[in-house]
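Enquirer: Quick one: the structure is below, and I'll ask about it shortly.
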Amino acid sequence: MGVSAYGERLACGTAVADLLDHVADDRPVEAHHRDCVDCRATLAELVQVWTAVHRLAGEPVAVPPGFTSKVRRRIANPLARGVARPRAWVPLPATGPGVTHLDVTAIARMVELAVASVPGVAMGSATAAGARVRVGPAPDRLTVSVEIQVPYGDDLIAAAHAVRLAVIVQLLAVAGLEDVSVDVAVTGIVE
Amino acid sequence: MDEAWLVRLAQRGDLDAFEALVRRHRQQVYRVALRVLGDPIEAEDAAQDAFVQAWRALPRFRGDAAFGTWMYRVVTNGCLNRLRDRRRTDPLPDVLRAAGTDTADSAIARVQIADVKRAVANLTPEQRAAWVLRELEGLTYEQIADALDLSLSAVKARIHRARQEILHELRGWA
């Protein structure tokens, strides 16, 4: 039996999914499973496949630098609350007394123009009204989420990189925004 | 310092005590967010959100469960809300591009792990949360039922189904 038969029962009537529960939960198998040739073979396959899950579970995950201080800042500074949620404006770097704010709609428009400057790439249909722009996760960090369509056959990662670069360069050149993160989602392939 | 004592101090508004709790549990909270959401930036945001929400809700925390168990509940529910809000997109496996220096075994392992992540990304948000807590975090079914506010049988059914879906995605290895 191949593991593709996950939804099926073996000739002995045992459901493959039930055997998987034994493997995943590391539960002792029943007497029949030990005696049945089909069950034994299937269990061996499942153990092998599930090794990847154990590997993933053991994969180290590093907490981003400055995590704790960011949490503390968000708690201590009421103005910093909800920084990851949509805001109507973004403060620009100070050039003197007073504060300059840029509306996110204007940023979205700049992002659209930046995307349009990348050959072959078009804005995703779902965002015809504009790129989604949000502030976060840090209070002073701008995160732009943009959805694009890429011609069939093009290197998707290269296209995403070009879009990311174009947006970062545009926002730095026009608005002086230095800490910009750009999430790119390829939502369509065009012929 | 005893965790229950830190919680009591934090409940009285001691931010230093709460920071100590954050340091103790940030790894667990960020890891769950990353594994449920699959996106490091959103995971950091969600993990921070979870601690900010926990701080605000601390006065109502009665200590029936351990602080860490409670944080599982807070972060998982926050992630579920995010998953329900967003359109489903699959991150491109940029990491696979850097596999040139791997040995054959480690390259295979990385591909297999990437396949598991992809399979997890295809689960429903509810299946994904339950599966991550069980398979990757090692929580008991009872703890997951408590974290997700579900019956034990509902948790078992979700995980059972999630395992089938993942196995289906991983077919062909054996």
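Ligands are numbered from 1 in the order shown, chains are lettered A, B, ... in the order of the structure tokens, and residues start at 1 in each chain.
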Could you give me the residues within region 55-90 of chain B that DSSP places in helix (DSSP H, G or I), as a list in words?

Expert: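 Written out, the helix (DSSP H, G or I) residues of region 55-90 of chain B are Trp55, Arg56, Ala57, Leu58, Pro59, Arg60, Phe67, Gly68, Thr69, Trp70, Met71, Tyr72, Arg73, Val74, Val75, Thr76, Asn77, Gly78, Cys79, Leu80, Asn81, Arg82, Leu83, Arg84 and Asp85 of chain B.
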
Enquirer: Per DSSP on the backbone, what are the strand (DSSP E) residues of chain A, as a PyMOL selection string?

Expert: chain A and resi 89-91+101-103+122-123+132-135+142-151+180-190

Enquirer: Taking N, CA and C atoms for each residue, export the selection above as a tab-separated table (two decimals), in the first residue's frame.

Expert:
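Written output follows (result.tsv):
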chain	number	residue	atom	x	y	z
A	89	TRP	N	-2.48	57.54	8.60
A	89	TRP	CA	-1.35	58.33	8.19
A	89	TRP	C	-0.06	57.76	8.76
A	90	VAL	N	1.03	58.21	8.19
A	90	VAL	CA	2.35	57.78	8.65
A	90	VAL	C	3.20	59.04	8.88
A	91	PRO	N	3.86	59.14	10.04
A	91	PRO	CA	4.73	60.30	10.25
A	91	PRO	C	5.99	60.20	9.39
A	101	HIS	N	2.84	64.43	8.21
A	101	HIS	CA	2.19	63.12	8.10
A	101	HIS	C	1.83	62.84	6.64
A	102	LEU	N	1.92	61.58	6.31
A	102	LEU	CA	1.58	61.17	4.94
A	102	LEU	C	0.40	60.20	5.03
A	103	ASP	N	-0.64	60.49	4.29
A	103	ASP	CA	-1.82	59.62	4.29
A	103	ASP	C	-1.46	58.28	3.63
A	122	ALA	N	2.10	43.34	-12.99
A	122	ALA	CA	0.90	44.18	-12.84
A	122	ALA	C	0.35	44.01	-11.44
A	123	MET	N	-0.39	45.01	-10.98
A	123	MET	CA	-1.04	44.88	-9.68
A	123	MET	C	-2.03	43.73	-9.73
A	132	ARG	N	-2.45	47.50	-0.26
A	132	ARG	CA	-2.76	47.59	1.16
A	132	ARG	C	-1.53	48.07	1.91
A	133	VAL	N	-1.69	49.04	2.77
A	133	VAL	CA	-0.57	49.62	3.51
A	133	VAL	C	-0.93	49.60	4.98
A	134	ARG	N	-0.02	49.11	5.79
A	134	ARG	CA	-0.28	49.15	7.22
A	134	ARG	C	1.02	49.51	7.94
A	135	VAL	N	0.89	49.93	9.17
A	135	VAL	CA	2.05	50.27	9.97
A	135	VAL	C	2.30	49.13	10.93
A	142	LEU	N	7.00	50.79	8.59
A	142	LEU	CA	5.92	50.74	7.63
A	142	LEU	C	5.95	49.40	6.92
A	143	THR	N	4.83	48.72	6.91
A	143	THR	CA	4.74	47.47	6.18
A	143	THR	C	3.76	47.63	5.04
A	144	VAL	N	4.22	47.33	3.86
A	144	VAL	CA	3.37	47.42	2.68
A	144	VAL	C	3.06	46.01	2.21
A	145	SER	N	1.80	45.72	2.01
A	145	SER	CA	1.41	44.43	1.44
A	145	SER	C	0.92	44.70	0.02
A	146	VAL	N	1.53	44.04	-0.92
A	146	VAL	CA	1.15	44.31	-2.31
A	146	VAL	C	0.90	42.99	-3.03
A	147	GLU	N	-0.15	42.98	-3.82
A	147	GLU	CA	-0.49	41.77	-4.58
A	147	GLU	C	-0.21	42.05	-6.06
A	148	ILE	N	0.46	41.09	-6.68
A	148	ILE	CA	0.87	41.32	-8.07
A	148	ILE	C	0.49	40.13	-8.96
A	149	GLN	N	0.51	40.42	-10.26
A	149	GLN	CA	0.36	39.37	-11.26
A	149	GLN	C	1.64	39.35	-12.09
A	150	VAL	N	2.08	38.15	-12.41
A	150	VAL	CA	3.37	37.98	-13.09
A	150	VAL	C	3.15	37.19	-14.36
A	151	PRO	N	3.85	37.55	-15.45
A	151	PRO	CA	3.69	36.80	-16.69
A	151	PRO	C	4.11	35.34	-16.53
A	180	VAL	N	11.14	50.25	5.82
A	180	VAL	CA	9.96	49.79	5.10
A	180	VAL	C	10.09	48.30	4.82
A	181	SER	N	9.04	47.56	5.14
A	181	SER	CA	9.01	46.14	4.84
A	181	SER	C	7.93	45.91	3.78
A	182	VAL	N	8.23	45.11	2.79
A	182	VAL	CA	7.28	44.91	1.70
A	182	VAL	C	6.93	43.43	1.58
A	183	ASP	N	5.69	43.08	1.87
A	183	ASP	CA	5.21	41.71	1.67
A	183	ASP	C	4.60	41.63	0.28
A	184	VAL	N	5.06	40.66	-0.48
A	184	VAL	CA	4.56	40.52	-1.85
A	184	VAL	C	3.80	39.19	-1.97
A	185	ALA	N	2.61	39.26	-2.50
A	185	ALA	CA	1.85	38.04	-2.76
A	185	ALA	C	1.57	37.98	-4.26
A	186	VAL	N	1.98	36.89	-4.87
A	186	VAL	CA	1.69	36.70	-6.29
A	186	VAL	C	0.30	36.08	-6.37
A	187	THR	N	-0.66	36.85	-6.81
A	187	THR	CA	-2.05	36.36	-6.81
A	187	THR	C	-2.53	35.95	-8.19
A	188	GLY	N	-1.66	36.13	-9.19
A	188	GLY	CA	-2.11	35.73	-10.52
A	188	GLY	C	-0.95	35.56	-11.49
A	189	ILE	N	-1.15	34.69	-12.45
A	189	ILE	CA	-0.18	34.50	-13.54
A	189	ILE	C	-0.89	34.89	-14.83
A	190	VAL	N	-0.27	35.80	-15.59
A	190	VAL	CA	-0.90	36.24	-16.83
A	190	VAL	C	-0.13	35.70	-18.03

Enquirer: Mind checking which residues fall within 9 Å of region 69-81 of chain B, counting only C-alpha atoms, ignoring those fewer than 2 positions away in the same chain, and posting them as a compact mmCIF listing (two decimals) with N, CA and C atoms, in the first residue's frame?

Expert:
# COMPACT_ATOMS: atom_id res chain seq x y z
N HIS B 25 8.25 33.27 28.30
CA HIS B 25 7.29 32.63 27.40
C HIS B 25 7.33 33.15 25.96
N GLN B 28 7.91 30.38 23.24
CA GLN B 28 6.72 29.55 23.02
C GLN B 28 5.66 30.31 22.24
N VAL B 29 5.43 31.55 22.61
CA VAL B 29 4.36 32.32 22.00
C VAL B 29 4.70 32.66 20.55
N TYR B 30 5.94 33.08 20.32
CA TYR B 30 6.33 33.41 18.94
C TYR B 30 6.33 32.16 18.07
N VAL B 32 4.51 29.44 18.32
CA VAL B 32 3.13 29.07 17.95
C VAL B 32 2.61 30.01 16.86
N ALA B 33 2.85 31.30 17.04
CA ALA B 33 2.37 32.26 16.04
C ALA B 33 2.99 31.99 14.68
N VAL B 36 1.56 28.71 13.18
CA VAL B 36 0.15 28.80 12.77
C VAL B 36 0.00 29.76 11.59
N LEU B 37 0.71 30.87 11.63
CA LEU B 37 0.54 31.89 10.59
C LEU B 37 1.47 31.66 9.40
N ALA B 43 3.83 36.90 12.39
CA ALA B 43 3.96 36.15 13.64
C ALA B 43 4.50 37.03 14.75
N ALA B 46 1.71 39.22 15.82
CA ALA B 46 0.69 38.47 16.57
C ALA B 46 1.19 38.12 17.97
N ALA B 47 2.47 37.77 18.06
CA ALA B 47 3.03 37.41 19.37
C ALA B 47 3.07 38.63 20.28
N ASP B 49 1.09 41.19 20.03
CA ASP B 49 -0.32 41.44 20.35
C ASP B 49 -0.78 40.56 21.50
N ALA B 50 -0.36 39.30 21.45
CA ALA B 50 -0.79 38.36 22.49
C ALA B 50 -0.34 38.82 23.87
N PHE B 51 0.90 39.29 23.96
CA PHE B 51 1.39 39.75 25.26
C PHE B 51 0.70 41.05 25.70
N GLN B 53 -2.32 41.93 24.90
CA GLN B 53 -3.66 41.52 25.34
C GLN B 53 -3.60 40.85 26.71
N ALA B 54 -2.58 40.04 26.91
CA ALA B 54 -2.43 39.36 28.20
C ALA B 54 -2.25 40.37 29.32
N PHE B 61 -7.21 37.28 35.04
CA PHE B 61 -6.57 35.97 35.04
C PHE B 61 -6.58 35.43 36.47
N GLY B 63 -5.59 32.36 37.43
CA GLY B 63 -4.54 31.41 37.76
C GLY B 63 -5.01 29.97 37.84
N ALA B 65 -5.18 27.97 35.37
CA ALA B 65 -4.19 27.26 34.55
C ALA B 65 -2.86 28.00 34.71
N ALA B 66 -1.79 27.35 34.28
CA ALA B 66 -0.48 28.00 34.32
C ALA B 66 -0.48 29.18 33.35
N PHE B 67 0.37 30.16 33.63
CA PHE B 67 0.44 31.33 32.75
C PHE B 67 0.77 30.91 31.31
N LEU B 83 -6.04 34.54 10.69
CA LEU B 83 -6.20 33.63 9.56
C LEU B 83 -7.58 33.76 8.93
N ARG B 84 -8.57 33.97 9.78
CA ARG B 84 -9.93 34.09 9.23
C ARG B 84 -10.09 35.39 8.46
N ASP B 85 -9.28 36.38 8.81
CA ASP B 85 -9.41 37.69 8.17
C ASP B 85 -8.68 37.78 6.84
N ARG B 86 -7.68 36.97 6.68
CA ARG B 86 -6.84 37.19 5.50
C ARG B 86 -7.15 36.20 4.38
N PRO B 125 -7.95 27.04 9.20
CA PRO B 125 -7.37 27.66 10.39
C PRO B 125 -7.61 26.85 11.66
N GLU B 126 -8.80 26.30 11.80
CA GLU B 126 -9.14 25.55 13.01
C GLU B 126 -8.33 24.26 13.10
N ALA B 129 -4.52 25.20 13.85
CA ALA B 129 -4.21 25.57 15.23
C ALA B 129 -4.14 24.34 16.12
N LEU B 133 -0.65 22.80 17.93
CA LEU B 133 -0.55 22.66 19.39
C LEU B 133 -0.25 21.21 19.78
N GLN B 143 -5.38 19.91 27.10
CA GLN B 143 -4.87 21.28 27.08
C GLN B 143 -5.33 22.03 25.83
N ILE B 144 -5.36 21.32 24.71
CA ILE B 144 -5.79 21.96 23.47
C ILE B 144 -7.28 22.31 23.54
N ASP B 146 -8.86 23.07 26.13
CA ASP B 146 -8.97 24.25 26.99
C ASP B 146 -8.53 25.51 26.23
N ALA B 147 -7.43 25.41 25.49
CA ALA B 147 -6.90 26.58 24.78
C ALA B 147 -7.86 27.06 23.70
N LEU B 148 -8.51 26.11 23.04
CA LEU B 148 -9.37 26.48 21.92
C LEU B 148 -10.85 26.54 22.31
N ASP B 149 -11.10 26.25 23.58
CA ASP B 149 -12.48 26.28 24.08
C ASP B 149 -13.37 25.34 23.29

Enquirer: Hey, can you check how far CA of Trp131 (chain B) sits from CA of Ala162 (chain B)?

Expert: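 Atom-to-atom, CA of Trp131 (chain B) and CA of Ala162 (chain B) are spaced 6.5 Å apart.
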
Enquirer: If we count only C-alpha atoms, what is near Arg118 (chain B) at a cut-off of 12 Å, once residues fewer than 3 positions away on the same chain are taken out, given as a list in words?

Expert: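 Result of the neighbour search: Val53 and Leu56 of chain A; Arg35, Val36, Leu37, Gly38, Thr89, Asp90, Pro91, Leu92, Pro93, Val111, Gln112, Ile113, Ala114, Asp115, Ala121, Asn122, Leu123, Arg128, Glu165, Ile166, Leu167, His168, Glu169 and Leu170 of chain B.
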
Enquirer: Would you save the residues from that selection as a compact mmCIF listing (two decimals), in the first residue's frame, using N, CA and C atoms?

Expert:
# COMPACT_ATOMS: atom_id res chain seq x y z
N VAL A 53 7.59 15.48 10.30
CA VAL A 53 6.85 16.27 11.29
C VAL A 53 7.70 16.43 12.55
N LEU A 56 10.31 18.97 11.89
CA LEU A 56 9.76 20.33 11.96
C LEU A 56 9.55 20.76 13.41
N ARG B 35 4.22 29.18 13.55
CA ARG B 35 3.80 27.91 12.97
C ARG B 35 2.34 27.92 12.53
N VAL B 36 1.56 28.71 13.18
CA VAL B 36 0.15 28.80 12.77
C VAL B 36 0.00 29.76 11.59
N LEU B 37 0.71 30.87 11.63
CA LEU B 37 0.54 31.89 10.59
C LEU B 37 1.47 31.66 9.40
N GLY B 38 2.66 31.10 9.64
CA GLY B 38 3.58 30.81 8.55
C GLY B 38 4.33 32.02 8.01
N THR B 89 -2.80 32.89 1.06
CA THR B 89 -1.69 32.96 0.12
C THR B 89 -0.58 32.07 0.64
N ASP B 90 0.19 31.52 -0.26
CA ASP B 90 1.27 30.63 0.13
C ASP B 90 2.60 31.33 -0.04
N PRO B 91 3.36 31.50 1.05
CA PRO B 91 4.68 32.12 0.92
C PRO B 91 5.55 31.32 -0.05
N LEU B 92 6.31 32.03 -0.86
CA LEU B 92 7.22 31.33 -1.76
C LEU B 92 8.37 30.74 -0.97
N PRO B 93 8.80 29.56 -1.35
CA PRO B 93 9.85 28.90 -0.58
C PRO B 93 11.23 29.47 -0.89
N VAL B 111 13.63 19.78 2.29
CA VAL B 111 12.51 19.71 1.35
C VAL B 111 11.30 19.08 2.04
N GLN B 112 11.56 18.04 2.83
CA GLN B 112 10.45 17.36 3.50
C GLN B 112 9.78 18.29 4.51
N ILE B 113 10.61 19.05 5.24
CA ILE B 113 10.05 20.00 6.20
C ILE B 113 9.23 21.06 5.47
N ALA B 114 9.77 21.51 4.32
CA ALA B 114 9.03 22.51 3.54
C ALA B 114 7.70 21.93 3.06
N ASP B 115 7.71 20.64 2.71
CA ASP B 115 6.46 19.99 2.28
C ASP B 115 5.45 19.93 3.42
N ALA B 121 -0.12 24.65 5.73
CA ALA B 121 -0.71 25.90 5.24
C ALA B 121 -2.04 25.64 4.53
N ASN B 122 -2.24 24.42 4.05
CA ASN B 122 -3.48 24.11 3.34
C ASN B 122 -4.61 23.67 4.27
N LEU B 123 -4.30 23.50 5.56
CA LEU B 123 -5.34 23.12 6.50
C LEU B 123 -6.26 24.31 6.76
N ARG B 128 -5.47 23.75 11.63
CA ARG B 128 -4.06 24.12 11.74
C ARG B 128 -3.69 24.42 13.19
N GLU B 165 -5.11 14.96 6.17
CA GLU B 165 -4.83 15.93 5.10
C GLU B 165 -3.33 16.05 4.87
N ILE B 166 -2.58 16.10 5.96
CA ILE B 166 -1.13 16.25 5.83
C ILE B 166 -0.53 15.01 5.20
N LEU B 167 -0.98 13.86 5.64
CA LEU B 167 -0.46 12.62 5.07
C LEU B 167 -0.75 12.56 3.58
N HIS B 168 -1.92 13.01 3.22
CA HIS B 168 -2.30 13.03 1.81
C HIS B 168 -1.32 13.89 1.00
N GLU B 169 -0.94 15.03 1.58
CA GLU B 169 0.00 15.95 0.90
C GLU B 169 1.39 15.34 0.81
N LEU B 170 1.74 14.54 1.79
CA LEU B 170 3.10 14.01 1.84
C LEU B 170 3.24 12.67 1.12

Enquirer: What's the separation between CA of Asp25 (chain A) and CA of Ala145 (chain B), in Å to one decimal place?

Expert: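 Separating CA of Asp25 (chain A) from CA of Ala145 (chain B) is a distance of 16.1 Å.
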
Enquirer: Go through A:Arg40, A:His22, A:His54, A:His33 one by one, measure the shortest atom-to-atom distance of each to chain B using only C-alpha atoms, and give the residue with the smallest value.

Expert: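 The shortest atom-to-atom distance to chain B comes from A:His54.
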
Enquirer: Under the rule that only C-alpha atoms are counted, which of B:Leu34, B:Ile41, B:Ala107, B:Ala57 is the nearest residue to Val61 (chain A)?

Expert: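 Of the candidates, the smallest distance to Val61 (chain A) is held by B:Leu34.
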
Enquirer: Pick from B:Ser151, B:Gln127, B:Thr140, B:Gln11: nearest to chain A, with only C-alpha atoms counted?

Expert: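 Among the listed residues, the smallest separation from chain A belongs to B:Thr140.
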